[in-house]
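Source file: upload04.cif (mmCIF, C-alpha atoms)
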```cif
data_run
#
loop_
_atom_site.label_atom_id
_atom_site.label_comp_id
_atom_site.auth_asym_id
_atom_site.auth_seq_id
_atom_site.Cartn_x
_atom_site.Cartn_y
_atom_site.Cartn_z
CA MET K 1057 9.38 9.89 5.12
CA CYS K 1058 6.88 8.36 2.70
CA ILE K 1059 9.23 8.70 -0.27
CA ASN K 1060 12.14 7.37 1.77
CA SER K 1061 10.09 4.38 2.98
CA VAL K 1062 9.11 3.32 -0.53
CA VAL K 1063 12.00 4.31 -2.80
CA GLY K 1064 14.51 1.63 -1.89
CA SER K 1065 16.07 -1.01 -4.09
CA GLY K 1066 13.05 -1.39 -6.36
CA VAL K 1067 13.94 1.52 -8.59
CA PHE K 1068 17.53 0.22 -8.96
CA LEU K 1069 16.84 -3.49 -9.57
CA LEU K 1070 13.20 -4.19 -10.42
CA PRO K 1071 13.22 -2.65 -13.95
CA THR K 1072 15.00 -5.80 -15.09
CA GLU K 1073 12.48 -8.12 -13.41
CA SER K 1074 9.51 -6.26 -14.91
CA TYR K 1075 11.19 -6.28 -18.35
CA LYS K 1076 11.67 -10.06 -18.13
CA LEU K 1077 7.96 -10.45 -17.40
CA LEU K 1078 6.45 -7.84 -19.73
CA GLY K 1079 9.12 -7.02 -22.31
CA PRO K 1080 9.05 -3.50 -23.83
CA PHE K 1081 5.55 -3.00 -22.41
CA SER K 1082 7.20 -2.84 -18.96
CA LEU K 1083 7.76 0.86 -19.70
CA TRP K 1084 4.16 1.40 -18.63
CA ALA K 1085 4.22 -0.97 -15.65
CA PRO K 1086 5.06 1.69 -13.01
CA LEU K 1087 2.19 3.85 -14.26
CA ILE K 1088 -0.41 1.10 -14.70
CA PHE K 1089 0.21 -0.57 -11.36
CA ALA K 1090 0.28 2.81 -9.61
CA VAL K 1091 -3.52 2.91 -10.06
CA PRO K 1092 -4.40 -0.04 -7.77
CA VAL K 1093 -1.64 1.05 -5.39
CA PHE K 1094 -3.20 4.52 -5.21
CA ILE K 1095 -6.54 2.93 -4.30
CA LEU K 1096 -4.84 1.09 -1.45
CA VAL K 1097 -3.10 4.31 -0.38
CA LEU K 1098 -6.47 6.10 -0.24
CA CYS K 1099 -7.72 3.40 2.15
CA PHE K 1100 -4.64 3.75 4.35
CA ALA K 1101 -4.97 7.54 4.27
CA GLU K 1102 -8.56 7.31 5.50
CA ALA K 1103 -7.76 4.68 8.15
CA SER K 1104 -4.80 6.67 9.45
CA SER K 1105 -6.89 9.83 9.84
CA HIS K 1106 -8.85 8.25 12.70
CA PHE K 1107 -5.87 7.64 14.98
CA SER K 1108 -3.15 9.53 16.77
CA GLU K 1109 -1.72 6.34 18.27
CA PRO K 1110 1.11 4.28 16.73
CA GLY K 1111 0.53 0.84 15.23
CA GLY K 1112 -0.49 1.27 11.60
CA ALA K 1113 -2.39 -1.60 9.97
CA TYR K 1114 -2.12 -3.66 13.16
CA LEU K 1115 -4.05 -0.96 15.04
CA TYR K 1116 -6.61 -0.48 12.24
CA ALA K 1117 -7.42 -4.20 11.95
CA ARG K 1118 -7.53 -4.80 15.71
CA THR K 1119 -9.86 -1.83 16.24
CA ALA K 1120 -12.23 -2.92 13.48
CA PHE K 1121 -12.18 -6.72 13.76
CA GLY K 1122 -10.79 -7.66 17.16
CA ASP K 1123 -7.61 -9.06 18.63
CA PHE K 1124 -7.18 -12.16 16.44
CA VAL K 1125 -7.49 -10.40 13.08
CA GLY K 1126 -5.31 -7.59 14.43
CA PHE K 1127 -2.65 -10.08 15.52
CA GLU K 1128 -2.67 -11.86 12.15
CA THR K 1129 -2.39 -8.51 10.36
CA GLY K 1130 0.55 -7.46 12.54
CA TRP K 1131 2.13 -10.89 12.14
CA MET K 1132 1.94 -10.74 8.33
CA ASN K 1133 3.28 -7.19 8.44
CA TRP K 1134 6.29 -8.53 10.33
CA ILE K 1135 6.69 -11.37 7.79
CA ALA K 1136 6.67 -8.76 5.02
CA ARG K 1137 9.37 -6.74 6.80
CA VAL K 1138 11.66 -9.67 7.54
CA THR K 1139 11.42 -11.03 3.97
CA SER K 1140 12.03 -7.51 2.64
CA LEU K 1141 15.20 -7.29 4.74
CA ALA K 1142 16.30 -10.67 3.39
CA SER K 1143 15.50 -9.69 -0.20
CA LEU K 1144 17.32 -6.36 -0.08
CA SER K 1145 20.35 -8.02 1.51
CA ASN K 1146 20.54 -10.16 -1.62
CA GLY K 1147 20.05 -7.03 -3.71
CA PHE K 1148 22.97 -5.46 -1.85
CA VAL K 1149 25.15 -8.38 -2.96
CA LEU K 1150 23.93 -8.07 -6.57
CA SER K 1151 24.91 -4.41 -6.70
CA LEU K 1152 28.24 -4.96 -4.97
CA ALA K 1153 29.03 -7.75 -7.45
CA LEU K 1154 29.21 -5.14 -10.21
CA PHE K 1155 32.51 -4.03 -8.61
CA PHE K 1156 33.58 -7.35 -7.08
CA PRO K 1157 32.08 -10.33 -8.97
CA VAL K 1158 33.54 -12.81 -6.48
CA VAL K 1159 30.98 -11.76 -3.80
CA SER K 1160 28.02 -13.04 -5.83
CA THR K 1161 28.36 -16.68 -4.78
CA GLY K 1162 29.51 -19.01 -2.03
CA GLY K 1163 31.29 -17.91 1.12
CA PRO K 1164 31.81 -14.26 0.13
CA ARG K 1165 28.07 -13.89 -0.58
CA ALA K 1166 27.18 -15.38 2.80
CA ALA K 1167 29.72 -13.18 4.57
CA ILE K 1168 28.38 -9.98 2.96
CA ILE K 1169 24.76 -10.89 3.78
CA VAL K 1170 25.45 -11.83 7.39
CA GLY K 1171 27.88 -8.95 7.93
CA SER K 1172 25.62 -6.23 6.49
CA ILE K 1173 22.63 -7.36 8.57
CA ALA K 1174 24.76 -7.77 11.70
CA VAL K 1175 26.11 -4.22 11.43
CA LEU K 1176 22.61 -2.78 11.19
CA ALA K 1177 21.50 -4.94 14.12
CA ALA K 1178 24.34 -3.61 16.25
CA ILE K 1179 23.44 -0.01 15.38
CA HIS K 1180 19.81 -0.51 16.38
CA LEU K 1181 20.60 -2.47 19.51
CA VAL K 1182 22.48 0.43 21.11
CA GLY K 1183 19.72 2.99 20.67
CA VAL K 1184 16.90 4.10 18.39
CA ARG K 1185 18.49 7.50 17.71
CA TYR K 1186 21.51 5.85 16.09
CA GLY K 1187 19.30 3.70 13.86
CA ALA K 1188 17.20 6.70 12.86
CA ALA K 1189 20.32 8.75 12.09
CA SER K 1190 21.64 6.00 9.81
CA ILE K 1191 18.41 6.09 7.78
CA TYR K 1192 18.75 9.82 7.08
CA VAL K 1193 22.40 9.49 6.06
CA PHE K 1194 21.62 6.69 3.62
CA THR K 1195 18.61 8.57 2.18
CA TRP K 1196 20.72 11.44 0.87
CA GLY K 1197 23.10 8.96 -0.68
CA LYS K 1198 20.40 7.33 -2.78
CA LEU K 1199 18.34 10.30 -3.96
CA ILE K 1200 21.15 12.42 -5.40
CA PRO K 1201 22.53 9.83 -7.90
CA LEU K 1202 19.02 8.63 -8.77
CA VAL K 1203 17.72 12.07 -9.67
CA GLY K 1204 20.99 12.81 -11.49
CA PHE K 1205 20.59 9.65 -13.58
CA ILE K 1206 17.02 10.53 -14.54
CA VAL K 1207 18.02 14.04 -15.65
CA LEU K 1208 20.96 12.77 -17.75
CA ALA K 1209 18.89 9.97 -19.28
CA MET K 1210 16.16 12.40 -20.32
CA ILE K 1211 18.73 14.78 -21.84
CA THR K 1212 20.63 12.17 -23.84
CA PHE K 1213 17.66 9.88 -24.65
CA LYS K 1214 19.81 7.55 -26.77
CA HIS K 1215 16.93 5.30 -27.81
CA ASN K 1216 13.17 5.86 -27.93
CA PRO K 1217 11.49 2.84 -26.29
CA ILE K 1218 7.95 4.22 -26.58
CA PRO K 1219 6.98 2.77 -30.04
CA ALA K 1220 7.92 -0.80 -29.03
CA SER K 1221 6.16 -0.39 -25.68
CA MET K 1222 2.80 0.26 -27.35
CA HIS K 1223 2.31 -3.46 -28.05
CA LEU K 1224 0.86 -5.73 -25.39
CA PRO K 1225 2.96 -8.78 -24.45
CA GLY K 1226 1.84 -12.09 -25.94
CA PRO K 1227 -0.03 -15.06 -24.48
CA GLY K 1228 1.48 -16.68 -21.42
CA THR K 1229 2.56 -13.37 -19.88
CA ASP K 1230 2.81 -13.59 -16.11
CA TRP K 1231 0.71 -10.54 -15.26
CA ASN K 1232 0.28 -11.71 -11.65
CA GLY K 1233 4.04 -11.91 -11.18
CA ALA K 1234 4.45 -8.45 -12.67
CA ALA K 1235 1.77 -7.07 -10.37
CA LEU K 1236 3.48 -8.55 -7.29
CA PHE K 1237 6.88 -7.20 -8.31
CA MET K 1238 5.46 -3.72 -8.81
CA LEU K 1239 3.60 -4.04 -5.51
CA PHE K 1240 6.95 -4.74 -3.86
CA ALA K 1241 8.41 -1.65 -5.57
CA TYR K 1242 5.62 0.54 -4.17
CA ALA K 1243 5.48 -1.18 -0.78
CA GLY K 1244 6.44 0.65 2.38
CA PHE K 1245 3.69 3.28 2.52
CA GLU K 1246 1.70 1.00 4.83
CA ASN K 1247 4.29 1.48 7.58
CA MET K 1248 3.86 5.26 7.74
CA GLY K 1249 1.22 4.86 10.43
CA VAL K 1250 3.37 2.72 12.73
CA PRO K 1251 5.07 5.71 14.44
CA ALA K 1252 1.98 7.96 14.18
CA GLY K 1253 2.08 8.76 17.88
CA GLU K 1254 5.27 10.74 17.28
CA PHE K 1255 3.80 12.95 14.51
CA LYS K 1256 2.64 16.47 15.32
CA ASN K 1257 -0.81 16.18 13.69
CA PRO K 1258 -1.16 12.65 12.24
CA LYS K 1259 -4.91 12.80 11.60
CA LYS K 1260 -4.39 15.74 9.23
CA ASP K 1261 -0.84 15.40 7.93
CA LEU K 1262 -0.50 11.62 7.45
CA PRO K 1263 -3.22 11.31 4.73
CA ARG K 1264 -1.70 14.25 2.85
CA ALA K 1265 1.79 12.78 3.10
CA LEU K 1266 0.58 9.40 1.80
CA LEU K 1267 -1.27 10.83 -1.18
CA ALA K 1268 1.39 13.35 -2.22
CA GLY K 1269 4.21 10.90 -1.56
CA ILE K 1270 2.82 8.08 -3.70
CA LEU K 1271 2.27 10.45 -6.64
CA ALA K 1272 5.89 11.64 -6.41
CA ILE K 1273 7.09 8.04 -6.18
CA ALA K 1274 5.10 7.02 -9.25
CA ALA K 1275 6.73 9.86 -11.21
CA ILE K 1276 10.21 8.77 -10.08
CA TYR K 1277 9.55 5.16 -11.09
CA VAL K 1278 8.12 6.06 -14.49
CA PHE K 1279 11.04 8.30 -15.44
CA ALA K 1280 13.61 5.84 -14.05
CA GLN K 1281 12.11 3.04 -16.16
CA LEU K 1282 12.00 5.29 -19.22
CA GLY K 1283 15.59 6.41 -18.66
CA ALA K 1284 16.86 2.85 -18.23
CA MET K 1285 15.06 1.58 -21.34
CA SER K 1286 16.21 4.54 -23.42
CA ALA K 1287 19.86 3.77 -22.57
CA VAL K 1288 19.62 -0.06 -22.63
CA PRO K 1289 16.88 -1.26 -25.03
CA ASP K 1290 16.92 -4.84 -23.65
CA LEU K 1291 17.06 -4.84 -19.84
CA SER K 1292 16.67 -8.61 -19.53
CA HIS K 1293 20.43 -9.19 -19.80
CA THR K 1294 21.52 -7.10 -16.80
CA ALA K 1295 20.99 -7.63 -13.08
CA THR K 1296 21.72 -3.95 -12.36
CA PRO K 1297 19.61 -2.00 -14.91
CA ILE K 1298 20.08 1.56 -13.63
CA ALA K 1299 23.84 1.12 -13.18
CA THR K 1300 24.17 -0.44 -16.64
CA ALA K 1301 22.14 2.39 -18.15
CA ALA K 1302 24.31 4.98 -16.39
CA ALA K 1303 27.43 3.27 -17.75
CA SER K 1304 25.94 3.44 -21.24
CA ILE K 1305 25.36 7.19 -20.87
CA ILE K 1306 28.54 8.47 -19.21
CA GLY K 1307 30.80 5.43 -18.89
CA PRO K 1308 32.10 3.41 -15.91
CA ILE K 1309 32.06 6.41 -13.58
CA GLY K 1310 28.28 6.60 -14.04
CA ALA K 1311 27.88 2.95 -13.08
CA MET K 1312 30.03 3.49 -10.01
CA ILE K 1313 28.03 6.50 -8.81
CA VAL K 1314 24.65 4.84 -9.36
CA THR K 1315 25.82 1.58 -7.77
CA LEU K 1316 27.03 3.49 -4.74
CA GLY K 1317 23.59 5.11 -4.56
CA ALA K 1318 21.94 1.69 -4.84
CA LEU K 1319 24.12 0.30 -2.05
CA LEU K 1320 23.30 3.24 0.21
CA SER K 1321 19.64 2.97 -0.74
CA MET K 1322 19.41 -0.69 0.22
CA ALA K 1323 21.40 -0.13 3.39
CA GLY K 1324 19.06 2.71 4.36
CA THR K 1325 15.94 0.72 3.56
CA ASN K 1326 17.30 -2.26 5.48
CA SER K 1327 18.07 -0.02 8.44
CA GLY K 1328 14.48 1.20 8.41
CA THR K 1329 13.26 -2.39 8.09
CA VAL K 1330 15.25 -3.44 11.15
CA LEU K 1331 13.72 -0.52 13.07
CA GLU K 1332 10.12 -0.99 11.92
CA GLY K 1333 10.04 -4.78 11.67
CA SER K 1334 11.49 -5.42 15.11
CA ARG K 1335 9.07 -2.88 16.65
CA MET K 1336 6.13 -4.65 15.03
CA LEU K 1337 7.24 -7.96 16.54
CA PHE K 1338 7.75 -6.17 19.85
CA ALA K 1339 4.27 -4.59 19.62
CA LEU K 1340 2.70 -8.02 19.13
CA SER K 1341 4.44 -9.26 22.27
CA LEU K 1342 2.99 -6.37 24.30
CA ASP K 1343 -0.53 -7.70 23.78
CA ARG K 1344 0.29 -11.42 23.96
CA ARG K 1345 2.64 -13.37 26.21
CA MET K 1346 5.39 -14.41 23.76
CA GLY K 1347 8.24 -15.26 26.09
CA PRO K 1348 11.18 -12.84 26.21
CA VAL K 1349 10.24 -11.02 22.97
CA SER K 1350 8.96 -8.03 24.96
CA TYR K 1351 12.24 -7.63 26.86
CA VAL K 1352 13.64 -4.09 26.82
CA HIS K 1353 17.33 -3.50 27.51
CA PRO K 1354 17.63 -1.52 30.78
CA LYS K 1355 20.42 0.73 29.45
CA PHE K 1356 19.74 1.16 25.73
CA ARG K 1357 15.91 0.99 26.06
CA THR K 1358 15.68 -1.06 22.87
CA PRO K 1359 13.73 -4.34 22.35
CA THR K 1360 16.90 -6.40 22.07
CA VAL K 1361 15.24 -9.83 21.83
CA ALA K 1362 12.81 -8.68 19.11
CA ILE K 1363 15.69 -7.12 17.15
CA THR K 1364 17.78 -10.27 17.50
CA ILE K 1365 14.96 -12.55 16.33
CA HIS K 1366 14.19 -10.22 13.43
CA VAL K 1367 17.75 -10.13 12.07
CA LEU K 1368 18.44 -13.86 12.64
CA VAL K 1369 15.33 -14.88 10.69
CA ALA K 1370 16.28 -12.42 7.93
CA MET K 1371 19.79 -13.87 7.72
CA ILE K 1372 18.45 -17.42 7.31
CA LEU K 1373 15.97 -16.38 4.62
CA ALA K 1374 18.55 -14.26 2.79
CA LEU K 1375 21.06 -17.11 2.65
CA ALA K 1376 18.42 -19.56 1.42
CA GLY K 1377 16.70 -17.38 -1.20
CA SER K 1378 17.28 -14.88 -3.98
CA PHE K 1379 16.35 -11.23 -4.40
CA ALA K 1380 13.42 -11.99 -6.75
CA GLN K 1381 12.03 -14.90 -4.70
CA LEU K 1382 12.11 -13.01 -1.43
CA ALA K 1383 10.75 -9.81 -3.01
CA MET K 1384 7.77 -11.85 -4.22
CA LEU K 1385 7.22 -13.37 -0.75
CA SER K 1386 7.39 -9.93 0.85
CA ALA K 1387 4.75 -8.65 -1.54
CA VAL K 1388 2.54 -11.68 -0.83
CA ALA K 1389 2.76 -11.13 2.93
CA ARG K 1390 1.69 -7.50 2.54
CA LEU K 1391 -1.60 -8.52 0.90
CA THR K 1392 -3.09 -9.43 4.29
CA THR K 1393 -2.13 -6.00 5.61
CA TYR K 1394 -3.78 -4.31 2.63
CA LEU K 1395 -6.89 -6.51 2.73
CA PHE K 1396 -7.80 -5.95 6.36
CA THR K 1397 -7.02 -2.23 6.28
CA CYS K 1398 -9.27 -1.66 3.27
CA ALA K 1399 -12.04 -3.79 4.81
CA ALA K 1400 -11.69 -1.92 8.11
CA VAL K 1401 -12.35 1.54 6.65
CA PRO K 1402 -16.21 1.44 6.85
CA ARG K 1403 -16.03 0.37 10.52
CA LEU K 1404 -13.39 2.97 11.37
CA ARG K 1405 -15.62 5.75 10.01
CA LYS K 1406 -17.71 5.39 13.18
CA LEU K 1407 -14.76 6.57 15.30
CA SER K 1408 -14.42 10.12 13.97
CA GLU K 1409 -14.85 12.28 10.89
CA GLY K 1410 -11.25 12.32 9.62
CA PHE K 1411 -10.25 12.16 5.96
CA ARG K 1412 -13.00 10.45 3.97
CA THR K 1413 -13.28 9.15 0.43
CA PRO K 1414 -16.71 9.38 -1.28
CA GLY K 1415 -19.10 6.58 -0.32
CA LEU K 1416 -17.84 3.03 -0.10
CA ILE K 1417 -16.35 2.77 -3.57
CA ILE K 1418 -12.68 3.15 -2.53
CA PRO K 1419 -12.70 0.64 0.38
CA ILE K 1420 -14.65 -1.83 -1.79
CA LEU K 1421 -12.19 -1.42 -4.67
CA GLY K 1422 -9.24 -1.72 -2.27
CA THR K 1423 -10.65 -4.92 -0.80
CA LEU K 1424 -11.31 -6.34 -4.28
CA VAL K 1425 -7.79 -5.43 -5.45
CA SER K 1426 -6.29 -7.20 -2.42
CA LEU K 1427 -8.48 -10.27 -2.90
CA ALA K 1428 -7.79 -10.40 -6.64
CA LEU K 1429 -4.04 -10.34 -6.01
CA PHE K 1430 -4.31 -12.91 -3.22
CA PHE K 1431 -6.37 -15.44 -5.18
CA SER K 1432 -4.28 -15.02 -8.32
CA LEU K 1433 -1.14 -16.24 -6.54
CA ASN K 1434 0.64 -19.27 -7.91
CA ARG K 1435 0.58 -22.46 -5.84
CA PHE K 1436 3.89 -21.82 -4.06
CA ASN K 1437 3.08 -18.25 -3.02
CA PHE K 1438 -0.47 -19.18 -2.02
CA LEU K 1439 0.81 -22.00 0.19
CA ALA K 1440 3.51 -19.76 1.64
CA ALA K 1441 0.90 -17.14 2.58
CA GLY K 1442 -1.39 -19.79 4.04
CA LEU K 1443 1.44 -21.33 6.04
CA ALA K 1444 2.47 -17.94 7.45
CA LEU K 1445 -1.12 -17.24 8.51
CA CYS K 1446 -1.36 -20.68 10.15
CA VAL K 1447 1.88 -20.11 12.07
CA GLY K 1448 0.51 -16.78 13.27
CA ALA K 1449 -2.72 -18.44 14.37
CA VAL K 1450 -0.77 -21.10 16.32
CA ILE K 1451 1.32 -18.43 18.08
CA TYR K 1452 -1.86 -16.49 18.90
CA ALA K 1453 -3.54 -19.62 20.31
CA ALA K 1454 -0.46 -20.66 22.28
CA SER K 1455 0.05 -17.23 23.83
CA ARG K 1456 -2.15 -15.59 26.44
CA PRO K 1457 -3.31 -11.98 26.43
CA ARG K 1458 -1.54 -9.62 28.78
CA ASP K 1459 -3.46 -7.81 31.48
CA SER K 1460 -1.84 -4.49 30.57
CA ILE K 1461 0.59 -2.91 28.20
CA ALA K 1462 2.85 -2.00 31.09
CA GLU K 1463 3.29 -5.67 31.93
CA GLY K 1464 4.89 -6.25 28.54
CA THR K 1465 7.59 -3.67 29.09
CA ALA K 1466 8.55 -4.74 32.58
#
```
Exercise: express the given structure as structure tokens:
Amino acid sequence: MCINSVVGSGVFLLPTESYKLLGPFSLWAPLIFAVPVFILVLCFAEASSHFSEPGGAYLYARTAFGDFVGFETGWMNWIARVTSLASLSNGFVLSLALFFPVVSTGGPRAAIIVGSIAVLAAIHLVGVRYGAASIYVFTWGKLIPLVGFIVLAMITFKHNPIPASMHLPGPGTDWNGAALFMLFAYAGFENMGVPAGEFKNPKKDLPRALLAGILAIAAIYVFAQLGAMSAVPDLSHTATPIATAAASIIGPIGAMIVTLGALLSMAGTNSGTVLEGSRMLFALSLDRRMGPVSYVHPKFRTPTVAITIHVLVAMILALAGSFAQLAMLSAVARLTTYLFTCAAVPRLRKLSEGFRTPGLIIPILGTLVSLALFFSLNRFNFLAAGLALCVGAVIYAASRPRDSIAEGTA
């Protein structure tokens, strides 16, 4: 589940974005930026070990810092999910354009974006088991061609990109942008705790899954980047780096197989985002009076209003933005989730023994990593994050707390 949550479109599309920012040195980007991500994962592993209830970062922050900080954390987690859905819907169009260039602009682009999100919404509206089943189907479709590409790229190894990658990029390099893009590529692990109540032994198994999963993901990303750069020395001229690299190795059939895997990958990730993101919005409405958001369909037992709001907002954002812009915004929104979870760890240690990192070094480092990323944002992303937090604060102030959880599901 951890690998499936994280390995989405990033491995298929982000190698180009990182190459544009870092040049040949981008070969090392998945490995370098895995270090701060692993620190964050350690904090989430420790936080998750204290709970058997669902909720993830929303639960951790609310338990440690109270209702307001918990609400803001859950709100920003929802913002991250809805912008991720919008970003990957654009990525879906980019990959499909390799076969049908006409869909990349105008009316066809809008139709593909709206149609793909609407189909997923319909699946999730009629029952959670159908949405969950779609995720598993899509997962197989993305892993097989991805692993096959890596194996073939390592065998052929048409070009050795390692010597050129040993030189640091020059002055003016946007290291902050590269960090945010790689953060987006590794994002998703923070949602593992959301359905913790349905795991057999979450206090024991969830930390192990997070730690082992992120190491496996880092290996996949490193070898995928190496394989792409060995087949296509300059990735800055292609919007579909893995597909282009596959075409270079085994011809058009390789591009078709990898592109199909990318399409299934993004569809699967988007399906998971509809499931998780709408449930986060629904969870917020259980604690605060937010109008009809907490409505549950009497037949399908799904939060239909929350799902509808989630997909409509994603459609609007997807039509107005691009893959790279929305990926950056999704990464920015996640910083609040990371910050409050890392800061919550020392307080959560009072709840139970659980999984524990030595001393306070890991939660301090995790908090500093989150703060460093947050305060290094450019003006647009900083304002966007501030605006999202302000909107969340207004909704919190305008809503009233519910007397009970049961009231929200009535």
Proximity check region 1231-1312 of chain K to region 1433-1452 of chain K, 10 Å, nearest pairs one decimal Å, only C-alpha atoms, as JSON lines:
```
{"residue": "K:Asn1232", "atom": "CA", "partner": "K:Leu1433", "partner_atom": "CA", "distance": 7.0}
{"residue": "K:Gly1233", "atom": "CA", "partner": "K:Leu1433", "partner_atom": "CA", "distance": 8.2}
{"residue": "K:Leu1236", "atom": "CA", "partner": "K:Leu1433", "partner_atom": "CA", "distance": 9.0}
```
Could you spell out the hits of the PyMOL selection byres ((chain K and resi 1286-1301) around 7) on the shown file, as JSON, numbers by chain? {"K": [1068, 1069, 1071, 1072, 1075, 1076, 1151, 1213, 1214, 1215, 1216, 1217, 1282, 1283, 1284, 1285, 1302, 1303, 1304, 1305, 1311, 1314, 1315]}
Pick from K:Gly1347, K:Arg1458, K:Glu1409, K:Leu1427, whichever lies nearest to Asp1123 (chain K) using all atoms listed in the file: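 Checking each of K:Gly1347, K:Arg1458, K:Glu1409, K:Leu1427 against Asp1123 (chain K), counting all atoms listed in the file, the winner is K:Arg1458.
Here the question is which of K:Gln1381, K:Thr1423, K:Thr1195, K:Thr1212 gets nearest to Gly1317 (chain K) using only C-alpha atoms, and that residue is K:Thr1195.
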Correct to one decimal, the distance CA of Pro1359 (chain K)-CA of Arg1335 (chain K) is 7.5 Å
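The closest residue to Leu1375 (chain K), picked from K:Ile1173, K:Ser1108, K:Phe1156, K:Pro1080 and counting all atoms listed in the file, is K:Ile1173.
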Quick one: region 1340-1359 of chain K with N, CA and C atoms, as an mmCIF file, in the coordinates of the input?
```cif
data_model
loop_
_atom_site.group_PDB
_atom_site.id
_atom_site.type_symbol
_atom_site.label_atom_id
_atom_site.label_comp_id
_atom_site.auth_asym_id
_atom_site.auth_seq_id
_atom_site.Cartn_x
_atom_site.Cartn_y
_atom_site.Cartn_z
ATOM 1 N N LEU K 1340 3.516 -6.817 18.986
ATOM 2 C CA LEU K 1340 2.700 -8.020 19.130
ATOM 3 C C LEU K 1340 2.901 -8.655 20.499
ATOM 4 N N SER K 1341 4.131 -8.636 20.981
ATOM 5 C CA SER K 1341 4.440 -9.260 22.270
ATOM 6 C C SER K 1341 3.903 -8.452 23.446
ATOM 7 N N LEU K 1342 3.562 -7.187 23.221
ATOM 8 C CA LEU K 1342 2.990 -6.370 24.300
ATOM 9 C C LEU K 1342 1.557 -6.775 24.603
ATOM 10 N N ASP K 1343 0.861 -7.285 23.589
ATOM 11 C CA ASP K 1343 -0.530 -7.700 23.780
ATOM 12 C C ASP K 1343 -0.671 -9.185 24.087
ATOM 13 N N ARG K 1344 0.327 -9.976 23.714
ATOM 14 C CA ARG K 1344 0.290 -11.420 23.960
ATOM 15 C C ARG K 1344 1.566 -11.839 24.683
ATOM 16 N N ARG K 1345 1.461 -12.835 25.529
ATOM 17 C CA ARG K 1345 2.640 -13.370 26.210
ATOM 18 C C ARG K 1345 3.428 -14.222 25.215
ATOM 19 N N MET K 1346 4.569 -13.724 24.766
ATOM 20 C CA MET K 1346 5.390 -14.410 23.760
ATOM 21 C C MET K 1346 6.816 -14.581 24.277
ATOM 22 N N GLY K 1347 6.922 -15.022 25.520
ATOM 23 C CA GLY K 1347 8.240 -15.260 26.090
ATOM 24 C C GLY K 1347 9.022 -13.978 26.263
ATOM 25 N N PRO K 1348 10.329 -14.019 25.962
ATOM 26 C CA PRO K 1348 11.180 -12.840 26.210
ATOM 27 C C PRO K 1348 11.144 -11.798 25.096
ATOM 28 N N VAL K 1349 10.253 -11.944 24.109
ATOM 29 C CA VAL K 1349 10.240 -11.020 22.970
ATOM 30 C C VAL K 1349 10.021 -9.582 23.420
ATOM 31 N N SER K 1350 9.275 -9.389 24.501
ATOM 32 C CA SER K 1350 8.960 -8.030 24.960
ATOM 33 C C SER K 1350 10.051 -7.428 25.846
ATOM 34 N N TYR K 1351 11.170 -8.131 25.997
ATOM 35 C CA TYR K 1351 12.240 -7.630 26.860
ATOM 36 C C TYR K 1351 12.832 -6.330 26.298
ATOM 37 N N VAL K 1352 13.028 -5.362 27.186
ATOM 38 C CA VAL K 1352 13.640 -4.090 26.820
ATOM 39 C C VAL K 1352 14.950 -3.940 27.597
ATOM 40 N N HIS K 1353 16.027 -3.635 26.865
ATOM 41 C CA HIS K 1353 17.330 -3.500 27.510
ATOM 42 C C HIS K 1353 17.301 -2.342 28.509
ATOM 43 N N PRO K 1354 17.739 -2.566 29.749
ATOM 44 C CA PRO K 1354 17.630 -1.520 30.780
ATOM 45 C C PRO K 1354 18.464 -0.277 30.490
ATOM 46 N N LYS K 1355 19.561 -0.413 29.737
ATOM 47 C CA LYS K 1355 20.420 0.730 29.450
ATOM 48 C C LYS K 1355 20.067 1.393 28.123
ATOM 49 N N PHE K 1356 19.959 0.602 27.064
ATOM 50 C CA PHE K 1356 19.740 1.160 25.730
ATOM 51 C C PHE K 1356 18.260 1.431 25.445
ATOM 52 N N ARG K 1357 17.359 0.828 26.245
ATOM 53 C CA ARG K 1357 15.910 0.990 26.060
ATOM 54 C C ARG K 1357 15.444 0.541 24.692
ATOM 55 N N THR K 1358 16.058 -0.495 24.164
ATOM 56 C CA THR K 1358 15.680 -1.060 22.870
ATOM 57 C C THR K 1358 15.170 -2.485 23.079
ATOM 58 N N PRO K 1359 14.245 -2.963 22.235
ATOM 59 C CA PRO K 1359 13.730 -4.340 22.350
ATOM 60 C C PRO K 1359 14.751 -5.330 21.785
#
```
